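Shown next: model-v3.pdb, containing PDB, C-alpha atoms.
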```pdb
MODEL        1
ATOM      1  CA  MET P   1      -6.338  22.791  19.120
ATOM      2  CA  ASN P   2      -6.273  18.980  19.399
ATOM      3  CA  VAL P   3      -5.586  18.693  15.672
ATOM      4  CA  TRP P   4      -2.422  20.781  15.998
ATOM      5  CA  ILE P   5      -1.218  18.643  18.885
ATOM      6  CA  ALA P   6      -1.724  15.537  16.752
ATOM      7  CA  ILE P   7       0.121  17.169  13.845
ATOM      8  CA  GLY P   8       2.996  18.173  16.126
ATOM      9  CA  LEU P   9       3.262  14.686  17.614
ATOM     10  CA  THR P  10       3.240  13.195  14.122
ATOM     11  CA  VAL P  11       6.034  15.507  12.999
ATOM     12  CA  VAL P  12       8.134  14.636  16.055
ATOM     13  CA  GLY P  13       7.443  10.918  15.564
ATOM     14  CA  CYS P  14       8.411  10.996  11.882
ATOM     15  CA  TYR P  15      11.615  12.861  12.689
ATOM     16  CA  ALA P  16      12.450  10.369  15.456
ATOM     17  CA  VAL P  17      11.963   7.409  13.117
ATOM     18  CA  LYS P  18      14.128   9.073  10.464
ATOM     19  CA  LEU P  19      16.825   9.828  13.045
ATOM     20  CA  ALA P  20      16.710   6.265  14.381
ATOM     21  CA  GLY P  21      17.236   4.964  10.853
ATOM     22  CA  LEU P  22      20.282   7.161  10.407
ATOM     23  CA  LEU P  23      21.768   5.987  13.711
ATOM     24  CA  VAL P  24      21.683   2.278  12.772
ATOM     25  CA  PRO P  25      25.235   1.011  12.178
ATOM     26  CA  ALA P  26      26.030   0.100   8.570
ATOM     27  CA  GLY P  27      27.088  -3.395   9.629
ATOM     28  CA  ALA P  28      23.597  -4.146  10.908
ATOM     29  CA  LEU P  29      22.117  -3.305   7.515
ATOM     30  CA  GLU P  30      24.423  -5.744   5.694
ATOM     31  CA  ARG P  31      23.043  -8.853   7.419
ATOM     32  CA  PRO P  32      21.231 -11.262   5.053
ATOM     33  CA  ALA P  33      18.093 -11.342   7.198
ATOM     34  CA  VAL P  34      17.842  -7.550   7.170
ATOM     35  CA  ARG P  35      18.368  -7.420   3.410
ATOM     36  CA  LYS P  36      15.659 -10.046   2.848
ATOM     37  CA  LEU P  37      13.256  -8.192   5.137
ATOM     38  CA  ALA P  38      13.974  -4.900   3.379
ATOM     39  CA  ALA P  39      13.200  -6.527   0.027
ATOM     40  CA  LEU P  40       9.960  -8.193   1.132
ATOM     41  CA  LEU P  41       8.458  -5.585   3.454
ATOM     42  CA  PRO P  42       7.341  -3.077   0.771
ATOM     43  CA  VAL P  43       5.618  -5.859  -1.183
ATOM     44  CA  ALA P  44       3.770  -7.063   1.921
ATOM     45  CA  LEU P  45       2.696  -3.541   2.857
ATOM     46  CA  LEU P  46       1.461  -2.807  -0.664
ATOM     47  CA  ALA P  47      -0.488  -6.087  -0.748
ATOM     48  CA  ALA P  48      -2.089  -5.302   2.619
ATOM     49  CA  LEU P  49      -3.007  -1.791   1.500
ATOM     50  CA  THR P  50      -4.491  -3.120  -1.743
ATOM     51  CA  ALA P  51      -6.559  -5.723   0.125
ATOM     52  CA  GLN P  52      -7.799  -3.185   2.654
ATOM     53  CA  GLN P  53      -8.775  -0.657  -0.007
ATOM     54  CA  THR P  54     -10.452  -3.320  -2.165
ATOM     55  CA  PHE P  55     -12.412  -5.344   0.363
ATOM     56  CA  ALA P  56     -13.225  -2.888   3.155
ATOM     57  CA  THR P  57     -15.514   0.078   3.607
ATOM     58  CA  GLY P  58     -15.104   1.527   7.066
ATOM     59  CA  GLN P  59     -15.183  -1.499   9.330
ATOM     60  CA  GLU P  60     -17.201  -3.723   6.996
ATOM     61  CA  LEU P  61     -15.981  -6.294   4.511
ATOM     62  CA  VAL P  62     -17.537  -5.788   1.085
ATOM     63  CA  LEU P  63     -17.384  -7.462  -2.280
ATOM     64  CA  ASP P  64     -18.184  -4.906  -4.966
ATOM     65  CA  ALA P  65     -16.885  -3.505  -8.257
ATOM     66  CA  ARG P  66     -13.451  -2.869  -6.763
ATOM     67  CA  ALA P  67     -12.889  -6.621  -6.422
ATOM     68  CA  ALA P  68     -13.757  -7.114 -10.092
ATOM     69  CA  GLY P  69     -11.319  -4.344 -11.010
ATOM     70  CA  LEU P  70      -8.604  -6.049  -8.983
ATOM     71  CA  ALA P  71      -9.373  -9.342 -10.730
ATOM     72  CA  ALA P  72      -9.134  -7.621 -14.123
ATOM     73  CA  ALA P  73      -5.756  -6.180 -13.136
ATOM     74  CA  ALA P  74      -4.572  -9.626 -12.037
ATOM     75  CA  VAL P  75      -5.610 -11.133 -15.363
ATOM     76  CA  ALA P  76      -3.816  -8.360 -17.238
ATOM     77  CA  LEU P  77      -0.704  -9.012 -15.156
ATOM     78  CA  LEU P  78      -0.887 -12.733 -15.893
ATOM     79  CA  LEU P  79      -1.047 -11.879 -19.584
ATOM     80  CA  ARG P  80       2.089  -9.748 -19.072
ATOM     81  CA  ALA P  81       0.392  -6.534 -20.157
ATOM     82  CA  PRO P  82       2.242  -3.241 -19.678
ATOM     83  CA  PHE P  83       1.550  -1.463 -16.394
ATOM     84  CA  LEU P  84      -0.540   1.255 -18.011
ATOM     85  CA  VAL P  85      -2.779  -1.397 -19.611
ATOM     86  CA  VAL P  86      -3.155  -3.098 -16.217
ATOM     87  CA  VAL P  87      -4.295   0.144 -14.615
ATOM     88  CA  VAL P  88      -6.656   1.001 -17.489
ATOM     89  CA  ALA P  89      -8.195  -2.499 -17.350
ATOM     90  CA  ALA P  90      -8.811  -2.212 -13.610
ATOM     91  CA  VAL P  91     -10.296   1.265 -13.928
ATOM     92  CA  ALA P  92     -12.481   0.332 -16.894
ATOM     93  CA  VAL P  93     -13.923  -2.757 -15.230
ATOM     94  CA  THR P  94     -14.534  -0.984 -11.923
ATOM     95  CA  ALA P  95     -16.109   2.066 -13.563
ATOM     96  CA  GLY P  96     -18.197  -0.082 -15.902
ATOM     97  CA  LEU P  97     -19.630  -2.154 -13.077
ATOM     98  CA  ARG P  98     -20.335   0.913 -10.967
ATOM     99  CA  ALA P  99     -22.090   2.560 -13.938
ATOM    100  CA  LEU P 100     -24.248  -0.549 -14.266
ATOM    101  CA  GLY P 101     -25.115  -0.316 -10.576
ATOM    102  CA  GLY P 102     -22.868  -3.127  -9.336
TER     103      GLY P 102
ENDMDL
END
```

For this file, produce the structure as structure tokens.
Amino acid sequence: MNVWIAIGLTVVGCYAVKLAGLLVPAGALERPAVRKLAALLPVALLAALTAQQTFATGQELVLDARAAGLAAAAVALLLRAPFLVVVVAAVAVTAGLRALGG
């Protein structure tokens, strides 16, 4: 039963956040600071998620094949490779190192 309470609270919370966003006056969204924040926030959140998924297992910091895959993706990005090539490079390096036991 506790799971359903958590699901219900999450639904209500998501709806409240959505409603709060719709109630913000349009003039407040046109401010330069708000526009800059709206442009930078998704990048910061994606970087934080990438770092957490790459360097953490549970509550431990780890350095394993995922870090090498991220490095391979970074190199591919620096070489201006297409996005699909970046993803394939990261997957190939990570899978290769894991297959070798790394």

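Of note, atom CA of Thr54 of chain P and atom CA of Val11 of chain P are spaced 29.3 Å apart.
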
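The space between atom CA of Ala90 of chain P and atom CA of Val62 of chain P spans 17.5 Å.
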
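One finds atom CA of Ala48 of chain P at 21.6 Å from atom CA of Val88 of chain P.
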
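The residue that comes closest to Leu100 of chain P, out of P:Ala65, P:Ala33, P:Ala6, P:Ala72 and on the basis of all atoms listed in the file, is P:Ala65.
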
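Taken over the whole file, the PyMOL selection byres ((chain P and resi 73-77) around 10) covers exactly Ala67, Ala68, Gly69, Leu70, Ala71, Ala72, Leu78, Leu79, Arg80, Ala81, Pro82, Phe83, Val85, Val86, Val87, Val88, Ala89, Ala90, Val91 and Val93 of chain P.
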
Nearest candidate to Ala51 of chain P (options P:Arg66, P:Leu37, P:Leu19, P:Leu84; using only C-alpha atoms): P:Arg66
